[in-house]
file work_25.csv (CSV, C-alpha atoms and all ligand atoms)
chain,number,residue,atom,x,y,z
A,371,VAL,CA,7.3,-22.0,-30.8
A,372,TRP,CA,7.4,-18.6,-29.1
A,373,GLN,CA,8.0,-16.4,-32.1
A,374,SER,CA,4.6,-14.9,-31.9
A,375,VAL,CA,5.0,-13.7,-28.3
A,376,PRO,CA,4.8,-10.0,-28.3
A,377,LEU,CA,7.3,-7.9,-26.4
A,378,ALA,CA,5.8,-6.5,-23.2
A,379,PRO,CA,6.6,-3.0,-22.0
A,380,PRO,CA,8.8,-2.8,-18.9
A,381,ASP,CA,7.1,-2.2,-15.6
A,382,SER,CA,6.2,1.5,-15.2
A,383,ILE,CA,7.7,1.7,-11.7
A,384,PHE,CA,10.6,-0.7,-11.7
A,385,LYS,CA,11.9,0.6,-15.0
A,386,LEU,CA,12.7,3.8,-13.2
A,387,THR,CA,15.0,2.1,-10.7
A,388,ALA,CA,16.9,0.5,-13.6
A,389,ALA,CA,17.2,3.8,-15.5
A,390,TYR,CA,18.3,5.6,-12.3
A,391,LYS,CA,21.0,3.0,-11.6
A,392,ALA,CA,22.3,3.3,-15.1
A,393,ASP,CA,22.5,7.1,-14.9
A,394,THR,CA,26.0,8.5,-14.2
A,395,PHE,CA,24.9,12.1,-13.4
A,396,GLU,CA,26.1,13.1,-10.0
A,397,LYS,CA,23.0,14.8,-8.8
A,398,LYS,CA,20.5,12.1,-10.1
A,399,VAL,CA,17.5,11.5,-7.8
A,400,ASN,CA,15.2,8.5,-7.7
A,401,LEU,CA,11.7,9.5,-6.7
A,402,GLY,CA,10.2,6.4,-8.5
A,403,VAL,CA,9.6,3.3,-6.5
A,404,GLY,CA,8.0,3.6,-3.1
A,405,ALA,CA,10.8,2.4,-0.9
A,406,TYR,CA,12.1,4.2,2.2
A,407,ARG,CA,15.5,5.8,2.2
A,408,ASP,CA,17.2,7.5,5.2
A,409,ASP,CA,18.6,11.0,5.0
A,410,ASN,CA,21.8,9.6,3.4
A,411,ASP,CA,19.7,8.1,0.6
A,412,LYS,CA,20.4,4.6,1.9
A,413,PRO,CA,17.9,1.8,2.4
A,414,TRP,CA,17.2,1.6,6.2
A,415,VAL,CA,17.3,-1.7,8.0
A,416,LEU,CA,15.1,-0.9,11.0
A,417,PRO,CA,17.0,-1.2,14.3
A,418,VAL,CA,14.2,-3.5,15.7
A,419,VAL,CA,14.5,-5.7,12.6
A,420,LYS,CA,18.3,-6.0,13.2
A,421,LYS,CA,17.6,-7.0,16.8
A,422,ALA,CA,14.9,-9.6,15.8
A,423,THR,CA,17.3,-11.0,13.2
A,424,GLN,CA,19.9,-11.5,15.9
A,425,ILE,CA,17.4,-13.3,18.0
A,426,LEU,CA,16.5,-15.6,15.2
A,427,LEU,CA,20.2,-16.3,14.4
A,428,ASN,CA,20.7,-17.4,18.0
A,429,ASP,CA,17.6,-19.6,18.1
A,430,GLU,CA,18.9,-23.2,17.8
A,431,SER,CA,15.4,-24.6,17.6
A,432,LEU,CA,14.7,-23.1,14.2
A,433,ASP,CA,15.0,-25.1,11.0
A,434,HIS,CA,14.1,-24.8,7.4
A,435,GLU,CA,11.0,-27.0,7.4
A,436,TYR,CA,7.8,-26.0,5.5
A,437,LEU,CA,5.4,-23.7,7.2
A,438,PRO,CA,1.8,-24.7,7.2
A,439,ILE,CA,0.0,-23.8,3.9
A,440,THR,CA,-1.7,-20.8,5.4
A,441,GLY,CA,1.5,-19.6,7.1
A,442,LEU,CA,3.0,-19.1,10.5
A,443,ALA,CA,0.0,-19.0,12.9
A,444,GLU,CA,1.8,-16.7,15.5
A,445,PHE,CA,2.4,-14.3,12.7
A,446,THR,CA,-1.1,-14.3,11.1
A,447,SER,CA,-2.9,-14.0,14.4
A,448,ALA,CA,-0.8,-11.1,15.6
A,449,ALA,CA,-1.0,-9.5,12.1
A,450,ALA,CA,-4.8,-9.7,12.3
A,451,LYS,CA,-4.8,-8.0,15.7
A,452,LEU,CA,-2.6,-5.3,14.3
A,453,ILE,CA,-4.9,-4.3,11.6
A,454,LEU,CA,-8.3,-5.1,13.1
A,455,GLY,CA,-7.5,-4.1,16.6
A,456,PRO,CA,-6.9,-6.4,19.6
A,457,ASP,CA,-10.5,-5.9,20.7
A,458,SER,CA,-12.0,-6.5,17.3
A,459,PRO,CA,-15.4,-8.3,17.5
A,460,ALA,CA,-14.3,-10.2,14.3
A,461,ILE,CA,-11.3,-11.7,16.2
A,462,LYS,CA,-13.2,-12.3,19.4
A,463,GLU,CA,-15.9,-14.1,17.6
A,464,ASP,CA,-13.4,-16.2,15.7
A,465,ARG,CA,-14.8,-15.2,12.3
A,466,THR,CA,-11.6,-13.8,10.7
A,467,VAL,CA,-9.7,-15.8,8.2
A,468,SER,CA,-6.0,-15.0,8.1
A,469,VAL,CA,-3.6,-16.4,5.5
A,470,GLN,CA,0.1,-15.5,5.1
A,471,THR,CA,0.9,-14.2,1.6
A,472,ILE,CA,3.7,-13.0,-0.6
A,473,SER,CA,3.5,-9.5,0.8
A,474,GLY,CA,0.7,-7.1,-0.3
A,475,THR,CA,0.8,-8.1,-3.9
A,476,GLY,CA,0.3,-11.8,-3.0
A,477,ALA,CA,-2.6,-10.8,-0.7
A,478,ASN,CA,-4.2,-8.9,-3.5
A,479,HIS,CA,-3.8,-11.8,-5.8
A,480,LEU,CA,-5.1,-14.4,-3.3
A,481,GLY,CA,-8.1,-12.2,-2.5
A,482,ALA,CA,-8.8,-11.6,-6.2
A,483,LEU,CA,-8.5,-15.3,-6.9
A,484,PHE,CA,-10.8,-16.2,-4.1
A,485,LEU,CA,-13.4,-13.6,-5.2
A,486,SER,CA,-13.2,-14.8,-8.8
A,487,ARG,CA,-14.1,-18.3,-7.7
A,488,PHE,CA,-16.6,-17.8,-4.9
A,489,TYR,CA,-18.1,-14.3,-5.0
A,490,HIS,CA,-21.8,-14.1,-6.0
A,491,TRP,CA,-21.3,-11.8,-8.9
A,492,ASN,CA,-24.1,-9.6,-10.2
A,493,GLY,CA,-23.2,-10.1,-13.8
A,494,SER,CA,-19.7,-10.5,-15.1
A,495,PRO,CA,-16.9,-10.1,-12.5
A,496,LYS,CA,-15.8,-6.5,-12.0
A,497,ILE,CA,-13.8,-4.6,-9.5
A,498,TYR,CA,-14.1,-0.9,-9.0
A,499,LEU,CA,-10.6,0.7,-8.7
A,500,SER,CA,-10.0,4.3,-7.7
A,501,ASN,CA,-8.9,6.6,-10.6
A,502,PRO,CA,-5.9,6.6,-10.3
A,503,THR,CA,-4.6,3.6,-8.4
A,504,TRP,CA,-1.4,1.6,-8.0
A,505,ALA,CA,-0.8,0.4,-11.6
A,506,ASN,CA,-0.4,-3.2,-10.5
A,507,HIS,CA,-4.0,-3.5,-9.3
A,508,HIS,CA,-5.3,-3.6,-12.9
A,509,ALA,CA,-3.0,-6.5,-13.8
A,510,ILE,CA,-3.7,-8.4,-10.6
A,511,PHE,CA,-7.5,-8.5,-11.2
A,512,ARG,CA,-7.3,-9.0,-15.0
A,513,ASN,CA,-5.0,-12.0,-14.3
A,514,VAL,CA,-7.9,-13.8,-12.6
A,515,GLY,CA,-10.6,-12.7,-15.0
A,516,ILE,CA,-12.0,-9.8,-13.0
A,517,GLU,CA,-12.4,-6.6,-15.1
A,518,PRO,CA,-11.2,-3.4,-13.5
A,519,VAL,CA,-13.6,-0.4,-13.7
A,520,ASP,CA,-12.6,3.1,-12.6
A,521,TYR,CA,-14.4,5.1,-9.9
A,522,PRO,CA,-13.7,8.8,-9.5
A,523,TYR,CA,-11.2,9.5,-6.7
A,524,TYR,CA,-8.7,12.3,-7.5
A,525,ASP,CA,-9.8,15.8,-8.5
A,526,PRO,CA,-7.0,17.5,-10.5
A,527,LYS,CA,-8.6,20.9,-9.9
A,528,THR,CA,-8.2,20.7,-6.2
A,529,ILE,CA,-5.4,18.2,-6.1
A,530,GLY,CA,-7.6,16.5,-3.5
A,531,LEU,CA,-10.4,14.0,-3.2
A,532,ASP,CA,-13.4,14.0,-5.6
A,533,PHE,CA,-15.6,13.1,-2.7
A,534,ASN,CA,-18.9,13.7,-4.5
A,535,GLY,CA,-17.8,11.7,-7.6
A,536,PHE,CA,-16.7,8.8,-5.3
A,537,ILE,CA,-20.1,8.8,-3.5
A,538,ASP,CA,-22.0,9.0,-6.7
A,539,ALA,CA,-20.1,6.0,-8.1
A,540,LEU,CA,-20.9,4.0,-5.0
A,541,LYS,CA,-24.5,4.9,-5.3
A,542,ASN,CA,-24.7,4.2,-9.0
A,543,ALA,CA,-22.9,0.8,-9.0
A,544,VAL,CA,-25.2,-2.2,-9.0
A,545,ASP,CA,-25.8,-3.6,-5.5
A,546,ARG,CA,-23.1,-6.0,-4.2
A,547,SER,CA,-20.4,-4.5,-6.3
A,548,VAL,CA,-16.8,-4.9,-5.2
A,549,PHE,CA,-14.8,-1.7,-4.4
A,550,LEU,CA,-11.1,-1.6,-3.8
A,551,LEU,CA,-10.2,0.9,-1.1
A,552,HIS,CA,-6.8,2.1,0.0
A,553,ALA,CA,-6.9,1.8,3.8
A,554,CYS,CA,-4.5,4.7,4.3
A,555,ALA,CA,-1.9,6.6,2.3
A,556,HIS,CA,-3.5,6.3,-1.1
A,557,ASN,CA,-1.1,5.2,-3.8
A,558,PRO,CA,-0.3,7.2,-5.9
A,559,THR,CA,-2.0,10.4,-4.8
A,560,GLY,CA,-1.4,10.5,-1.0
A,561,VAL,CA,-5.0,11.8,-0.8
A,562,ASP,CA,-7.1,10.1,1.9
A,563,PRO,CA,-10.7,10.6,2.9
A,564,THR,CA,-11.1,12.3,6.3
A,565,GLN,CA,-12.8,10.1,9.1
A,566,GLU,CA,-16.1,12.0,8.4
A,567,GLN,CA,-15.8,11.2,4.7
A,568,TRP,CA,-15.0,7.5,5.5
A,569,LYS,CA,-18.1,7.3,7.6
A,570,ALA,CA,-20.2,8.6,4.7
A,571,ILE,CA,-18.5,6.2,2.3
A,572,ALA,CA,-19.2,3.3,4.7
A,573,GLU,CA,-22.8,4.3,5.0
A,574,VAL,CA,-23.4,4.1,1.2
A,575,ILE,CA,-21.4,0.8,0.9
A,576,LYS,CA,-23.5,-0.7,3.7
A,577,ALA,CA,-26.8,0.5,2.2
A,578,LYS,CA,-25.8,-0.9,-1.2
A,579,GLY,CA,-24.4,-4.2,0.1
A,580,HIS,CA,-21.1,-3.6,-1.6
A,581,TYR,CA,-18.0,-5.6,-0.8
A,582,ALA,CA,-15.0,-3.7,0.5
A,583,PHE,CA,-11.6,-5.0,-0.7
A,584,PHE,CA,-9.1,-3.0,1.4
A,585,ASP,CA,-5.5,-2.7,0.4
A,586,CYS,CA,-3.3,-1.7,3.4
A,587,ALA,CA,0.3,-1.3,2.5
A,588,TYR,CA,1.2,1.6,4.8
A,589,GLN,CA,-0.2,1.1,8.3
A,590,GLY,CA,1.8,3.2,10.7
A,591,PHE,CA,4.0,4.5,7.9
A,592,ALA,CA,1.4,7.1,6.9
A,593,SER,CA,0.7,9.0,10.1
A,594,GLY,CA,3.3,7.4,12.4
A,595,ASP,CA,0.4,5.9,14.4
A,596,LEU,CA,-0.6,2.3,13.7
A,597,ASP,CA,-4.1,2.7,15.1
A,598,ARG,CA,-4.9,5.9,13.3
A,599,ASP,CA,-3.9,4.3,10.0
A,600,ALA,CA,-6.2,1.3,10.7
A,601,TRP,CA,-9.2,3.5,11.5
A,602,ALA,CA,-11.1,3.1,8.3
A,603,VAL,CA,-10.8,-0.7,8.3
A,604,ARG,CA,-11.9,-1.0,11.9
A,605,HIS,CA,-14.8,1.4,11.3
A,606,PHE,CA,-16.0,-0.8,8.4
A,607,VAL,CA,-15.8,-3.9,10.6
A,608,GLU,CA,-17.8,-2.2,13.3
A,609,GLN,CA,-20.4,-1.4,10.7
A,610,GLY,CA,-20.7,-5.0,9.7
A,611,ILE,CA,-19.6,-4.4,6.1
A,612,PRO,CA,-18.3,-7.5,4.4
A,613,LEU,CA,-14.7,-7.0,3.7
A,614,LEU,CA,-11.2,-8.4,3.3
A,615,VAL,CA,-7.8,-6.6,4.0
A,616,CYS,CA,-4.5,-7.1,2.1
A,617,GLN,CA,-1.7,-6.3,4.5
A,618,SER,CA,1.9,-5.7,3.7
A,619,PHE,CA,5.0,-5.4,6.0
A,620,ALA,CA,7.2,-4.2,3.2
A,621,LYS,CA,7.1,-0.5,4.0
A,622,ASN,CA,6.3,-0.3,7.7
A,623,ALA,CA,8.9,-2.9,8.7
A,624,GLY,CA,11.3,-2.2,5.8
A,625,LEU,CA,11.1,-5.8,4.7
A,626,TYR,CA,10.5,-5.2,1.0
A,627,GLY,CA,12.4,-8.2,-0.3
A,628,GLU,CA,11.3,-10.6,2.4
A,629,ARG,CA,7.7,-10.6,1.0
A,630,VAL,CA,5.8,-10.6,4.3
A,631,GLY,CA,2.1,-10.1,4.2
A,632,ALA,CA,-1.3,-11.4,5.0
A,633,LEU,CA,-4.8,-11.6,3.7
A,634,HIS,CA,-7.5,-11.2,6.4
A,635,LEU,CA,-11.1,-11.9,5.4
A,636,VAL,CA,-13.8,-10.9,8.0
A,637,SER,CA,-16.8,-13.3,7.6
A,638,VAL,CA,-20.2,-13.4,9.3
A,639,ASP,CA,-19.6,-16.4,11.5
A,640,GLN,CA,-17.1,-19.0,12.6
A,641,ASP,CA,-18.5,-21.7,10.5
A,642,THR,CA,-18.3,-19.6,7.3
A,643,ALA,CA,-14.8,-18.6,8.2
A,644,LYS,CA,-13.8,-22.2,8.5
A,645,ARG,CA,-15.0,-23.0,5.0
A,646,VAL,CA,-13.5,-19.9,3.5
A,647,LYS,CA,-10.1,-20.8,5.1
A,648,SER,CA,-10.3,-24.3,3.7
A,649,GLN,CA,-10.8,-23.0,0.2
A,650,MET,CA,-8.0,-20.4,0.5
A,651,SER,CA,-5.8,-23.1,1.7
A,652,VAL,CA,-6.5,-25.1,-1.5
A,653,LEU,CA,-5.8,-22.1,-3.7
A,654,GLN,CA,-2.6,-21.3,-1.8
A,655,ARG,CA,-1.4,-24.8,-2.1
A,656,SER,CA,-1.6,-24.9,-5.9
A,657,GLU,CA,0.1,-21.5,-6.3
A,658,ILE,CA,2.9,-21.3,-3.7
A,659,SER,CA,2.5,-24.5,-1.6
A,660,ASN,CA,3.4,-22.6,1.5
A,661,PRO,CA,4.7,-19.1,2.2
A,662,PRO,CA,8.4,-18.2,3.1
A,663,ALA,CA,9.4,-18.4,6.8
A,664,HIS,CA,12.1,-15.9,7.5
A,665,GLY,CA,10.2,-12.6,7.2
A,666,ALA,CA,7.1,-13.9,9.0
A,667,ARG,CA,9.3,-15.1,11.9
A,668,LEU,CA,10.8,-11.6,12.2
A,669,VAL,CA,7.5,-9.8,12.2
A,670,SER,CA,6.0,-12.4,14.5
A,671,LEU,CA,8.8,-11.7,17.0
A,672,ILE,CA,8.2,-8.0,16.8
A,673,LEU,CA,4.4,-8.2,17.1
A,674,ASN,CA,4.4,-10.7,19.9
A,675,ASP,CA,7.1,-9.1,22.2
A,676,ALA,CA,5.9,-6.0,24.0
A,677,GLY,CA,9.5,-4.5,24.1
A,678,LEU,CA,10.2,-5.1,20.4
A,679,PHE,CA,6.7,-3.8,19.5
A,680,GLU,CA,7.4,-0.5,21.3
A,681,GLU,CA,10.8,-0.2,19.5
A,682,TRP,CA,9.1,-0.9,16.2
A,683,LYS,CA,6.6,1.9,16.8
A,684,ARG,CA,9.6,4.3,17.4
A,685,ASP,CA,11.2,3.2,14.1
A,686,ILE,CA,7.9,3.7,12.3
A,687,ARG,CA,7.7,7.2,13.7
A,688,THR,CA,11.3,7.9,12.6
A,689,MET,CA,10.3,7.1,9.0
A,690,ALA,CA,7.0,9.0,9.1
A,691,GLU,CA,8.6,12.1,10.7
A,692,ARG,CA,11.4,12.2,8.2
A,693,ILE,CA,8.9,12.1,5.3
A,694,LYS,CA,6.7,14.8,6.9
A,695,GLU,CA,9.9,16.9,7.3
A,696,MET,CA,10.6,16.5,3.6
A,697,ARG,CA,7.0,17.5,2.8
A,698,ARG,CA,7.4,20.7,4.8
A,699,GLU,CA,10.7,21.5,3.2
A,700,LEU,CA,9.7,20.9,-0.4
A,701,ARG,CA,6.5,23.0,0.1
A,702,ARG,CA,8.5,25.8,1.7
A,703,LEU,CA,11.1,25.9,-1.0
A,704,LEU,CA,8.5,25.9,-3.8
A,705,ALA,CA,5.9,28.2,-2.3
A,706,GLU,CA,8.1,30.6,-0.2
A,707,GLU,CA,11.6,30.6,-1.4
A,708,LEU,CA,11.4,30.0,-5.1
A,709,GLU,CA,7.9,31.4,-5.4
A,710,THR,CA,7.1,28.8,-8.0
A,711,PRO,CA,3.8,29.6,-9.8
A,712,GLY,CA,0.9,27.6,-8.4
A,713,ASN,CA,-0.2,26.4,-5.0
A,714,TRP,CA,2.0,23.8,-3.3
A,715,ASP,CA,0.0,23.3,-0.1
A,716,HIS,CA,-1.1,19.8,-1.2
A,717,ILE,CA,2.5,18.5,-0.7
A,718,GLU,CA,2.0,18.9,3.0
A,719,ARG,CA,-1.6,17.9,3.0
A,720,GLN,CA,-1.0,14.6,1.3
A,721,ILE,CA,0.0,11.6,3.4
A,722,GLY,CA,2.3,8.6,3.2
A,723,MET,CA,5.0,7.5,0.8
A,724,PHE,CA,3.9,9.6,-2.1
A,725,SER,CA,3.0,13.0,-3.2
A,726,PHE,CA,0.9,13.6,-6.3
A,727,THR,CA,2.6,16.9,-7.4
A,728,GLY,CA,0.1,17.9,-10.1
A,729,LEU,CA,3.0,18.1,-12.7
A,730,ASN,CA,1.9,17.0,-16.1
A,731,GLY,CA,3.5,14.3,-18.3
A,732,GLU,CA,5.6,16.8,-20.3
A,733,GLN,CA,6.9,18.4,-17.1
A,734,CYS,CA,7.7,14.9,-15.7
A,735,ARG,CA,9.6,14.0,-18.9
A,736,LEU,CA,11.7,17.2,-18.7
A,737,LEU,CA,12.5,16.5,-15.0
A,738,THR,CA,13.9,13.1,-16.0
A,739,GLU,CA,15.6,14.0,-19.2
A,740,GLU,CA,17.1,17.3,-18.2
A,741,GLY,CA,17.2,17.1,-14.4
A,742,HIS,CA,18.0,13.3,-14.0
A,743,ILE,CA,15.1,13.1,-11.6
A,744,TYR,CA,13.2,9.8,-11.9
A,745,LEU,CA,9.4,9.8,-11.2
A,746,THR,CA,6.4,8.1,-12.7
A,747,GLY,CA,4.7,9.9,-15.7
A,748,ASN,CA,1.6,10.7,-13.7
A,749,GLY,CA,3.5,13.2,-11.5
A,750,ARG,CA,3.8,10.9,-8.5
A,751,ILE,CA,7.0,11.4,-6.4
A,752,SER,CA,8.2,9.1,-3.7
A,753,MET,CA,8.8,11.4,-0.8
A,754,ALA,CA,11.3,8.9,0.7
A,755,GLY,CA,13.7,9.7,-2.2
A,756,LEU,CA,14.1,13.2,-0.9
A,757,ASN,CA,16.7,14.1,1.7
A,758,SER,CA,18.3,17.2,3.2
A,759,ARG,CA,20.9,17.3,0.5
A,760,ASN,CA,18.8,16.8,-2.7
A,761,VAL,CA,15.5,18.5,-1.8
A,762,ARG,CA,16.7,21.9,-2.9
A,763,TYR,CA,17.9,20.6,-6.2
A,764,VAL,CA,14.6,18.8,-6.8
A,765,ALA,CA,12.6,22.0,-5.9
A,766,GLU,CA,14.8,24.1,-8.3
A,767,GLN,CA,14.2,21.6,-11.1
A,768,ILE,CA,10.5,21.6,-10.5
A,769,ASP,CA,10.5,25.4,-10.5
A,770,ARG,CA,12.4,25.4,-13.8
A,771,VAL,CA,9.9,23.1,-15.6
A,772,VAL,CA,6.9,24.8,-14.2
A,773,ARG,CA,8.1,28.2,-15.4
A,774,ARG,CA,8.8,27.0,-19.0
B,1,LIG,C1,5.2,1.5,-5.5
B,1,LIG,O1,4.1,1.8,-5.8
B,1,LIG,O2,6.2,2.2,-5.9
B,1,LIG,C2,5.4,0.4,-4.5
B,1,LIG,O3,4.2,0.0,-4.0
B,1,LIG,C3,6.3,-0.6,-5.1
B,1,LIG,C4,5.6,-1.5,-6.1
B,1,LIG,O4,5.6,-2.7,-6.0
B,1,LIG,O5,5.1,-0.9,-7.1
call {"tool": "encode", "arguments": {"input": "work_25.csv", "output": "structure tokens", "more": "lines below"}}
Ligand code: LMR
result
Amino acid sequence: VWQSVPLAPPDSIFKLTAAYKADTFEKKVNLGVGAYRDDNDKPWVLPVVKKATQILLNDESLDHEYLPITGLAEFTSAAAKLILGPDSPAIKEDRTVSVQTISGTGANHLGALFLSRFYHWNGSPKIYLSNPTWANHHAIFRNVGIEPVDYPYYDPKTIGLDFNGFIDALKNAVDRSVFLLHACAHNPTGVDPTQEQWKAIAEVIKAKGHYAFFDCAYQGFASGDLDRDAWAVRHFVEQGIPLLVCQSFAKNAGLYGERVGALHLVSVDQDTAKRVKSQMSVLQRSEISNPPAHGARLVSLILNDAGLFEEWKRDIRTMAERIKEMRRELRRLLAEELETPGNWDHIERQIGMFSFTGLNGEQCRLLTEEGHIYLTGNGRISMAGLNSRNVRYVAEQIDRVVRR
């Protein structure tokens, strides 16, 4: 019966991990998937996560019963405070809906599904996505019948933000459009608006009655400071802009495979929140029944214990600092030591897991085929794949393909 099923292409990001693993070249480098590595190129289990795991192991009261459909309440309420701020009016007024999800992807999906069912669309359902964005966003919205439309974001001429293009798109979209915004550490470009620019963006969004669909996968990981990375979301809440936030603990807690995340929807009042939550619960039940327990218990322990929370902040800074150090070193090697043609300041200016190098498709292909360096074809590199031993090799290979 399935003979007519067409062959799908492999995932543009995870195919790189497979190709890297199959490569036998000694100096191969994986700059594909956004997953943190330490300076020895090894996945890093955060010391605070090790400690929390030990606490869970010793806890005789734990079992493997189902969690509630909307997840572990201690986890979702602490997660809401983390992103919205402990003094958030939305939390104080009890008008935030928080549901535990299968990491950030699951939060995006549940948010998209909820919007597809209940948003008062002006015409056919559409979501504005930054050009470029995380490739999976397109698929997630298409899956629930919401058509992705691009808005200008990245300016290849400046390797920075196309602020005017972005503002014009917000102004020109019909009222009450839905815009997906990367809360911090934009994936794939590493280019974020400044706080002044966020204020201007919020003003237009508010005036137009647009809906802000925030994706926040890198809180703390971007700047090393949890509050700073949540600034845009909190500003939008203060402005009374209708919004939801997809939150992931994959990167900032190194819990990639545990799939810990949450969807937070800030509504106008407590009564609305109650109804929204009831519908999200119905959607969640038919899709995953109830979310997995282990990762949520770990994060809940870390967020709800003052000592563990401080340790976590230290671990986050360790990751953020190492990445910043790699940015400095890659820029220095290219701009100062190798004198590679072009300007490389953007490598240090960009923030978070990724750098958008500005390399073109052909240069990326050569880096992979001849240099055994794996990166996505749009020139994005995962900064976490660089370390003190391979950064020079990567810089030399970039230099070689740029001079060709
Ligand atoms: C990435 O963009 O590399 C990460 O967010 C991992 C993923 O799921 O694609």
call {"tool": "residues_near_ligand", "arguments": {"input": "work_25.csv", "ligand": "ligand LIG 1 (chain B)", "cutoff": "7 Å", "atoms": "all atoms listed in the file", "output": "count of residues only"}}
result
9
call {"tool": "closest_atom_pairs", "arguments": {"input": "work_25.csv", "of": "segment 682-759 of chain A", "to": "segment 529-542 of chain A", "cutoff": "8 Å", "atoms": "all atoms listed in the file", "output": "Markdown table"}}
result
| residue | atom | partner | partner_atom | distance |
| --- | --- | --- | --- | --- |
| A:His716 | CA | A:Ile529 | CA | 6.7 |
| A:Phe726 | CA | A:Ile529 | CA | 7.8 |
| A:Gly728 | CA | A:Ile529 | CA | 6.8 |
call {"tool": "residues_around", "arguments": {"input": "work_25.csv", "residues": "Thr738 of chain A", "least_positions_apart": "4", "cutoff": "10 Å", "atoms": "all atoms listed in the file", "output": "PyMOL selection string"}}
result
chain A and resi 386+389-390+398-400+733-734+742-747+767
call {"tool": "atom_distance", "arguments": {"input": "work_25.csv", "atom1": "atom CA of Gly481 of chain A", "atom2": "atom CA of Val630 of chain A"}}
result
15.6 Å
call {"tool": "residues_around", "arguments": {"input": "work_25.csv", "residues": "Leu678 of chain A", "least_positions_apart": "3", "cutoff": "12 Å", "atoms": "only C-alpha atoms", "output": "ChimeraX atom specification"}}
result
/A:416-423,425,623,668-675,681-685
call {"tool": "atom_distance", "arguments": {"input": "work_25.csv", "atom1": "atom CA of Val561 of chain A", "atom2": "atom CA of Ser618 of chain A"}}
result
19.3 Å
call {"tool": "closest_residue", "arguments": {"input": "work_25.csv", "among": "A:Thr466, A:Ser758, A:Gln720, A:Thr446", "to": "Thr564 of chain A", "atoms": "all atoms listed in the file"}}
result
A:Gln720
call {"tool": "closest_residue", "arguments": {"input": "work_25.csv", "among": "A:Pro526, A:Gly624, A:Gly590, A:Gly749", "to": "Ile686 of chain A", "atoms": "only C-alpha atoms"}}
result
A:Gly590
call {"tool": "atom_distance", "arguments": {"input": "work_25.csv", "atom1": "atom CA of Trp568 of chain A", "atom2": "atom CA of Arg604 of chain A"}}
result
11.1 Å
call {"tool": "residues_around", "arguments": {"input": "work_25.csv", "residues": "Gln565 of chain A", "least_positions_apart": "6", "cutoff": "10 Å", "atoms": "only C-alpha atoms", "output": "number ranges by chain"}}
result
A: 571, 598, 601-602, 605
call {"tool": "closest_residue", "arguments": {"input": "work_25.csv", "among": "A:Asn501, A:Tyr521, A:Ala632, A:Ala572", "to": "Gly476 of chain A", "atoms": "all atoms listed in the file"}}
result
A:Ala632
call {"tool": "residues_around", "arguments": {"input": "work_25.csv", "residues": "Asp599 of chain A", "least_positions_apart": "5", "cutoff": "7 Å", "atoms": "only C-alpha atoms", "output": "number ranges by chain"}}
result
A: 554, 589-590, 592-593
call {"tool": "write_last_selection", "arguments": {"input": "work_25.csv", "atoms": "C-alpha atoms", "output": "mmCIF file, keeping the file's coordinate frame"}}
result
data_model
loop_
_atom_site.group_PDB
_atom_site.id
_atom_site.type_symbol
_atom_site.label_atom_id
_atom_site.label_comp_id
_atom_site.auth_asym_id
_atom_site.auth_seq_id
_atom_site.Cartn_x
_atom_site.Cartn_y
_atom_site.Cartn_z
ATOM 1 C CA CYS A 554 -4.500 4.700 4.300
ATOM 2 C CA GLN A 589 -0.200 1.100 8.300
ATOM 3 C CA GLY A 590 1.800 3.200 10.700
ATOM 4 C CA ALA A 592 1.400 7.100 6.900
ATOM 5 C CA SER A 593 0.700 9.000 10.100
#
call {"tool": "closest_residue", "arguments": {"input": "work_25.csv", "among": "A:Pro456, A:Pro376, A:Gly493, A:Pro438", "to": "Ser651 of chain A", "atoms": "only C-alpha atoms"}}
result
A:Pro438
call {"tool": "closest_residue", "arguments": {"input": "work_25.csv", "among": "A:Lys576, A:Pro661, A:Glu732, A:Glu699", "to": "Tyr763 of chain A", "atoms": "all atoms listed in the file"}}
result
A:Glu699
call {"tool": "closest_residue", "arguments": {"input": "work_25.csv", "among": "A:Ile439, A:Leu432, A:Val638, A:Ile453", "to": "Ala600 of chain A", "atoms": "all atoms listed in the file"}}
result
A:Ile453
call {"tool": "residues_around", "arguments": {"input": "work_25.csv", "residues": "segment 507-520 of chain A", "least_positions_apart": "4", "cutoff": "12 Å", "atoms": "only C-alpha atoms", "output": "ChimeraX atom specification"}}
result
/A:381,474-487,489,491,493-503,524,535-536,539-540,543,547-552,557-558,583-585,616
